Amino acid sequence: MYGYPQPPQGYGAPPQPPQNQNQYPRMAQGGRDPYHQQPAYIPQEPQTIYRPVASFEEARSLPTDLNGALMIMPDFGHEMIYIKQLDPQTGQAPINSFKRIPNIQPPVPQDYTPILAAMEKRLKHLEDMWEVSSEHSGQEETKI
């Protein structure tokens, strides 16, 4: 045809439907082919992206993930952590920064004598109140 060589017989021919209808029983019954079904769409949760940075400027200049993934960017040199995430309602990506605050321990008193004296005084006061209340109620006195 038109001077072009013809392909050999069977080459490039459209595939023939299966001759044996029992080969695909569901297709013969009018159902869907179980081998060619599309998987159901399952929405994925946004991932978390972890990327160390050297400064706030570097954290600010990093592009925001448009899928809404949370970006955690620690800055070990300045002991800061920056967090950036796309807000789908406004289209902005605000950066939150956190700084590590060292634990401050209250000073431990070296001399426990004033504390013990105050506790003994309070205990003596409570014992006196107990004796007075037991005398008025007519019950026997109970030693603590």
# chains A, B, ... in the order shown; residues from 1 in each chain; ligands from 1

call {"tool": "select_by_dssp", "arguments": {"residues": "stretch 48-88 of chain A", "states": "alpha helix (DSSP H)", "output": "PyMOL selection string"}}
result
chain A and resi 56-61

call {"tool": "residues_around", "arguments": {"residues": "A:Ala93", "least_positions_apart": "4", "cutoff": "12 Å", "atoms": "only C-alpha atoms", "output": "count of residues only"}}
result
21

call {"tool": "residues_around", "arguments": {"residues": "A:Glu58", "least_positions_apart": "6", "cutoff": "12 Å", "atoms": "only C-alpha atoms", "output": "list in words"}}
result
Arg51, Pro52, Met73, Pro74, Asp75, Tyr82 and Ile95 of chain A

call {"tool": "closest_residue", "arguments": {"among": "A:Ile49, A:Ile101, A:Ala117, A:Val132", "to": "A:Ile72", "atoms": "only C-alpha atoms"}}
result
A:Ile49

call {"tool": "atom_distance", "arguments": {"atom1": "atom CA of A:Ser97", "atom2": "atom CA of A:Phe56"}}
result
8.7 Å

call {"tool": "atom_distance", "arguments": {"atom1": "atom CA of A:Asp128", "atom2": "atom CA of A:Leu116"}}
result
18.4 Å

call {"tool": "closest_residue", "arguments": {"among": "A:Glu131, A:His78, A:Ile115, A:Lys121", "to": "A:Arg100", "atoms": "only C-alpha atoms"}}
result
A:His78

call {"tool": "atom_distance", "arguments": {"atom1": "atom CA of A:Glu79", "atom2": "atom CA of A:Glu57"}}
result
14.7 Å
